[in-house]
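Participant: Structure incoming, see below.
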Amino acid sequence: MTIQQLEGRLNAKKDEFLPMLKVEGFYIDFCETKGYIYEIFKPLFNVLHRIRLSIKNGRIVVHTLVKL
């Protein structure tokens with residue numbers, strides 16, 4: 001899965017993803033340009049991934065997607 005595909009899915013299911021992010025994700029920092037930055041560890045296709053993303057103006061932007 002590419003970063004663009006993941007970003008599209010997360011924005012499409014934002015109502016389900018945001019409550020889960022607040023519980024399972026780690027708040028990293030706030031940036032004026034990127035917004036609120038979070039990191040979450042989730043399996044995608046049975047492989048654990050580290051996903052760093054930001055939320056600004058109601059939009060989720062995925063910055064990094066790393067297989068662990």
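Residues are named by chain letter and number: chains run A, B, ... in the order of the structure tokens, numbers start at 1 in each chain, and ligands are numbered from 1 in the order shown.
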Which polymer residues have any atom within 10 Å of an atom of region 38-46 of chain A, counting only C-alpha atoms, with same-chain residues fewer than 2 positions away left out, as a ChimeraX atom specification?
Facilitator: /A:1,6,20-30,35-36,48-55,62-68
Participant: Looking only at helix (DSSP H, G or I) from DSSP on the backbone, list the matching residues of chain A as a ChimeraX atom specification.
Facilitator: /A:3-12,14-24
Participant: For the residues selected in the previous step, produce a file with N, CA, C and O atoms as a PDB file, in the first residue's frame.
Facilitator:
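Written out: part_12.pdb:
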```pdb
ATOM      1  N   ILE A   3       1.663   5.445   0.318  1.00  0.00           N
ATOM      2  CA  ILE A   3       1.285   6.508   1.247  1.00  0.00           C
ATOM      3  C   ILE A   3       0.002   7.193   0.771  1.00  0.00           C
ATOM      4  O   ILE A   3      -0.883   7.488   1.571  1.00  0.00           O
ATOM      5  N   GLN A   4      -0.116   7.413  -0.531  1.00  0.00           N
ATOM      6  CA  GLN A   4      -1.301   8.077  -1.069  1.00  0.00           C
ATOM      7  C   GLN A   4      -2.565   7.228  -0.871  1.00  0.00           C
ATOM      8  O   GLN A   4      -3.633   7.755  -0.544  1.00  0.00           O
ATOM      9  N   GLN A   5      -2.450   5.914  -1.049  1.00  0.00           N
ATOM     10  CA  GLN A   5      -3.596   5.028  -0.838  1.00  0.00           C
ATOM     11  C   GLN A   5      -4.015   5.034   0.627  1.00  0.00           C
ATOM     12  O   GLN A   5      -5.201   5.104   0.931  1.00  0.00           O
ATOM     13  N   LEU A   6      -3.034   4.932   1.512  1.00  0.00           N
ATOM     14  CA  LEU A   6      -3.326   4.935   2.945  1.00  0.00           C
ATOM     15  C   LEU A   6      -3.972   6.252   3.354  1.00  0.00           C
ATOM     16  O   LEU A   6      -4.957   6.264   4.096  1.00  0.00           O
ATOM     17  N   GLU A   7      -3.430   7.342   2.872  1.00  0.00           N
ATOM     18  CA  GLU A   7      -3.980   8.661   3.185  1.00  0.00           C
ATOM     19  C   GLU A   7      -5.429   8.773   2.712  1.00  0.00           C
ATOM     20  O   GLU A   7      -6.290   9.287   3.437  1.00  0.00           O
ATOM     21  N   GLY A   8      -5.718   8.274   1.534  1.00  0.00           N
ATOM     22  CA  GLY A   8      -7.085   8.292   1.021  1.00  0.00           C
ATOM     23  C   GLY A   8      -8.034   7.474   1.871  1.00  0.00           C
ATOM     24  O   GLY A   8      -9.155   7.910   2.170  1.00  0.00           O
ATOM     25  N   ARG A   9      -7.600   6.312   2.300  1.00  0.00           N
ATOM     26  CA  ARG A   9      -8.441   5.459   3.147  1.00  0.00           C
ATOM     27  C   ARG A   9      -8.685   6.086   4.514  1.00  0.00           C
ATOM     28  O   ARG A   9      -9.787   6.022   5.045  1.00  0.00           O
ATOM     29  N   LEU A  10      -7.630   6.666   5.101  1.00  0.00           N
ATOM     30  CA  LEU A  10      -7.788   7.280   6.416  1.00  0.00           C
ATOM     31  C   LEU A  10      -8.721   8.481   6.356  1.00  0.00           C
ATOM     32  O   LEU A  10      -9.529   8.685   7.263  1.00  0.00           O
ATOM     33  N   ASN A  11      -8.622   9.286   5.311  1.00  0.00           N
ATOM     34  CA  ASN A  11      -9.510  10.436   5.185  1.00  0.00           C
ATOM     35  C   ASN A  11     -10.944  10.002   4.890  1.00  0.00           C
ATOM     36  O   ASN A  11     -11.891  10.638   5.341  1.00  0.00           O
ATOM     37  N   ALA A  12     -11.122   8.905   4.172  1.00  0.00           N
ATOM     38  CA  ALA A  12     -12.460   8.400   3.869  1.00  0.00           C
ATOM     39  C   ALA A  12     -13.144   7.844   5.129  1.00  0.00           C
ATOM     40  O   ALA A  12     -14.356   7.963   5.288  1.00  0.00           O
ATOM     41  N   LYS A  14     -12.418   8.756   8.325  1.00  0.00           N
ATOM     42  CA  LYS A  14     -11.937   9.643   9.385  1.00  0.00           C
ATOM     43  C   LYS A  14     -12.734   9.497  10.682  1.00  0.00           C
ATOM     44  O   LYS A  14     -12.165   9.522  11.769  1.00  0.00           O
ATOM     45  N   ASP A  15     -14.051   9.325  10.579  1.00  0.00           N
ATOM     46  CA  ASP A  15     -14.892   9.205  11.771  1.00  0.00           C
ATOM     47  C   ASP A  15     -14.526   7.984  12.599  1.00  0.00           C
ATOM     48  O   ASP A  15     -14.651   8.006  13.830  1.00  0.00           O
ATOM     49  N   GLU A  16     -14.087   6.921  11.970  1.00  0.00           N
ATOM     50  CA  GLU A  16     -13.663   5.715  12.683  1.00  0.00           C
ATOM     51  C   GLU A  16     -12.219   5.812  13.147  1.00  0.00           C
ATOM     52  O   GLU A  16     -11.865   5.303  14.202  1.00  0.00           O
ATOM     53  N   PHE A  17     -11.367   6.453  12.344  1.00  0.00           N
ATOM     54  CA  PHE A  17      -9.937   6.459  12.618  1.00  0.00           C
ATOM     55  C   PHE A  17      -9.536   7.424  13.732  1.00  0.00           C
ATOM     56  O   PHE A  17      -8.683   7.087  14.558  1.00  0.00           O
ATOM     57  N   LEU A  18     -10.126   8.602  13.799  1.00  0.00           N
ATOM     58  CA  LEU A  18      -9.699   9.607  14.779  1.00  0.00           C
ATOM     59  C   LEU A  18      -9.881   9.158  16.229  1.00  0.00           C
ATOM     60  O   LEU A  18      -8.961   9.342  17.031  1.00  0.00           O
ATOM     61  N   PRO A  19     -11.017   8.558  16.612  1.00  0.00           N
ATOM     62  CA  PRO A  19     -11.110   8.071  17.996  1.00  0.00           C
ATOM     63  C   PRO A  19     -10.066   6.990  18.315  1.00  0.00           C
ATOM     64  O   PRO A  19      -9.505   6.962  19.405  1.00  0.00           O
ATOM     65  N   MET A  20      -9.786   6.117  17.329  1.00  0.00           N
ATOM     66  CA  MET A  20      -8.780   5.083  17.528  1.00  0.00           C
ATOM     67  C   MET A  20      -7.384   5.689  17.655  1.00  0.00           C
ATOM     68  O   MET A  20      -6.575   5.262  18.457  1.00  0.00           O
ATOM     69  N   LEU A  21      -7.114   6.735  16.878  1.00  0.00           N
ATOM     70  CA  LEU A  21      -5.811   7.401  16.940  1.00  0.00           C
ATOM     71  C   LEU A  21      -5.589   8.030  18.305  1.00  0.00           C
ATOM     72  O   LEU A  21      -4.485   7.951  18.852  1.00  0.00           O
ATOM     73  N   LYS A  22      -6.624   8.606  18.884  1.00  0.00           N
ATOM     74  CA  LYS A  22      -6.489   9.240  20.197  1.00  0.00           C
ATOM     75  C   LYS A  22      -6.189   8.227  21.294  1.00  0.00           C
ATOM     76  O   LYS A  22      -5.530   8.546  22.270  1.00  0.00           O
ATOM     77  N   VAL A  23      -6.664   6.982  21.112  1.00  0.00           N
ATOM     78  CA  VAL A  23      -6.437   5.940  22.115  1.00  0.00           C
ATOM     79  C   VAL A  23      -5.108   5.213  21.876  1.00  0.00           C
ATOM     80  O   VAL A  23      -4.311   5.038  22.800  1.00  0.00           O
ATOM     81  N   GLU A  24      -4.838   4.820  20.634  1.00  0.00           N
ATOM     82  CA  GLU A  24      -3.686   3.972  20.326  1.00  0.00           C
ATOM     83  C   GLU A  24      -2.471   4.737  19.819  1.00  0.00           C
ATOM     84  O   GLU A  24      -1.371   4.200  19.802  1.00  0.00           O
TER      85      GLU A  24
END
```
Participant: Using DSSP secondary structure from the backbone, list all strand (DSSP E or B) positions within region 5-65 of chain A, as a CSV table (one decimal) with N, CA, C and O atoms, in the first residue's frame.
Facilitator:
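The resulting selection14.csv:
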```csv
chain,number,residue,atom,x,y,z
A,26,PHE,N,0.4,8.0,19.4
A,26,PHE,CA,1.2,8.8,20.3
A,26,PHE,C,1.3,10.2,19.7
A,26,PHE,O,1.7,10.4,18.6
A,27,TYR,N,0.9,11.2,20.6
A,27,TYR,CA,1.1,12.6,20.1
A,27,TYR,C,2.5,13.0,20.1
A,27,TYR,O,3.2,12.7,21.1
A,28,ILE,N,3.0,13.5,19.0
A,28,ILE,CA,4.4,13.9,18.9
A,28,ILE,C,4.7,15.4,19.1
A,28,ILE,O,5.5,15.8,20.0
A,29,ASP,N,4.0,16.2,18.4
A,29,ASP,CA,4.3,17.6,18.4
A,29,ASP,C,3.2,18.4,17.6
A,29,ASP,O,2.3,17.8,17.0
A,30,PHE,N,3.2,19.7,17.8
A,30,PHE,CA,2.4,20.6,16.9
A,30,PHE,C,3.3,21.4,16.1
A,30,PHE,O,4.3,22.0,16.5
A,31,CYS,N,3.0,21.5,14.8
A,31,CYS,CA,3.7,22.4,13.9
A,31,CYS,C,2.8,23.3,13.2
A,31,CYS,O,1.7,22.9,12.8
A,35,GLY,N,0.4,20.9,11.4
A,35,GLY,CA,-0.7,20.6,12.3
A,35,GLY,C,-0.2,19.7,13.4
A,35,GLY,O,0.9,19.7,13.8
A,36,TYR,N,-1.2,18.9,13.9
A,36,TYR,CA,-0.9,18.0,15.1
A,36,TYR,C,-0.3,16.7,14.5
A,36,TYR,O,-0.8,16.1,13.6
A,37,ILE,N,0.9,16.4,15.0
A,37,ILE,CA,1.7,15.2,14.5
A,37,ILE,C,1.5,14.1,15.4
A,37,ILE,O,1.7,14.2,16.6
A,38,TYR,N,1.1,12.9,14.9
A,38,TYR,CA,0.9,11.7,15.7
A,38,TYR,C,1.8,10.6,15.0
A,38,TYR,O,2.1,10.6,13.9
A,39,GLU,N,2.0,9.5,15.9
A,39,GLU,CA,2.6,8.3,15.4
A,39,GLU,C,1.8,7.2,15.9
A,39,GLU,O,1.4,7.2,17.1
A,40,ILE,N,1.6,6.2,15.0
A,40,ILE,CA,0.8,5.0,15.4
A,40,ILE,C,1.5,3.8,14.8
A,40,ILE,O,2.1,3.8,13.8
A,41,PHE,N,1.4,2.7,15.6
A,41,PHE,CA,1.9,1.4,15.1
A,41,PHE,C,0.7,0.5,14.8
A,41,PHE,O,-0.1,0.1,15.7
A,42,LYS,N,0.5,0.1,13.6
A,42,LYS,CA,-0.6,-0.7,13.2
A,42,LYS,C,-0.2,-1.8,12.1
A,42,LYS,O,0.7,-1.5,11.3
A,43,PRO,N,-0.8,-3.0,12.2
A,43,PRO,CA,-0.5,-3.9,11.1
A,43,PRO,C,-1.3,-3.6,9.8
A,43,PRO,O,-2.5,-3.3,9.9
A,44,LEU,N,-0.6,-3.7,8.7
A,44,LEU,CA,-1.2,-3.5,7.4
A,44,LEU,C,-0.9,-4.8,6.6
A,44,LEU,O,0.3,-5.1,6.4
A,47,VAL,N,1.6,-7.1,8.5
A,47,VAL,CA,2.9,-6.7,8.7
A,47,VAL,C,2.8,-5.4,9.5
A,47,VAL,O,2.1,-4.4,9.1
A,48,LEU,N,3.5,-5.3,10.7
A,48,LEU,CA,3.5,-4.1,11.5
A,48,LEU,C,4.2,-3.0,10.8
A,48,LEU,O,5.3,-3.1,10.3
A,49,HIS,N,3.5,-1.8,10.9
A,49,HIS,CA,4.0,-0.6,10.3
A,49,HIS,C,4.0,0.5,11.3
A,49,HIS,O,3.2,0.6,12.2
A,50,ARG,N,5.0,1.5,11.2
A,50,ARG,CA,5.0,2.7,11.9
A,50,ARG,C,4.5,3.8,11.0
A,50,ARG,O,5.1,4.0,9.9
A,51,ILE,N,3.5,4.5,11.4
A,51,ILE,CA,2.9,5.5,10.5
A,51,ILE,C,2.9,6.8,11.2
A,51,ILE,O,2.4,7.0,12.4
A,52,ARG,N,3.6,7.8,10.6
A,52,ARG,CA,3.6,9.1,11.2
A,52,ARG,C,2.7,10.0,10.3
A,52,ARG,O,2.9,10.0,9.1
A,53,LEU,N,1.8,10.7,10.9
A,53,LEU,CA,0.8,11.5,10.2
A,53,LEU,C,0.5,12.8,10.9
A,53,LEU,O,0.9,12.9,12.1
A,54,SER,N,-0.1,13.7,10.2
A,54,SER,CA,-0.5,14.9,10.8
A,54,SER,C,-2.0,15.2,10.5
A,54,SER,O,-2.5,14.7,9.5
A,55,ILE,N,-2.6,16.0,11.3
A,55,ILE,CA,-4.0,16.4,11.1
A,55,ILE,C,-4.0,17.9,11.2
A,55,ILE,O,-3.6,18.6,12.1
A,56,LYS,N,-4.5,18.5,10.1
A,56,LYS,CA,-4.6,20.0,10.0
A,56,LYS,C,-5.9,20.3,9.2
A,56,LYS,O,-6.0,19.7,8.1
A,59,ARG,N,-8.0,17.4,7.8
A,59,ARG,CA,-7.4,16.5,6.8
A,59,ARG,C,-6.3,15.8,7.4
A,59,ARG,O,-5.4,16.3,8.1
A,60,ILE,N,-6.2,14.5,7.1
A,60,ILE,CA,-5.1,13.6,7.6
A,60,ILE,C,-4.1,13.5,6.4
A,60,ILE,O,-4.4,13.2,5.3
A,61,VAL,N,-2.8,13.8,6.8
A,61,VAL,CA,-1.7,13.7,5.8
A,61,VAL,C,-0.7,12.7,6.4
A,61,VAL,O,-0.2,12.9,7.5
A,62,VAL,N,-0.4,11.6,5.6
A,62,VAL,CA,0.6,10.6,6.0
A,62,VAL,C,2.0,11.1,5.6
A,62,VAL,O,2.2,11.4,4.4
A,63,HIS,N,2.9,11.1,6.5
A,63,HIS,CA,4.3,11.6,6.2
A,63,HIS,C,5.2,10.4,6.0
A,63,HIS,O,6.0,10.4,5.0
A,64,THR,N,5.2,9.4,6.9
A,64,THR,CA,6.0,8.3,6.7
A,64,THR,C,5.3,7.0,7.0
A,64,THR,O,4.4,7.0,7.8
A,65,LEU,N,5.7,5.9,6.3
A,65,LEU,CA,5.1,4.6,6.4
A,65,LEU,C,6.2,3.6,6.4
A,65,LEU,O,6.8,3.4,5.3
```
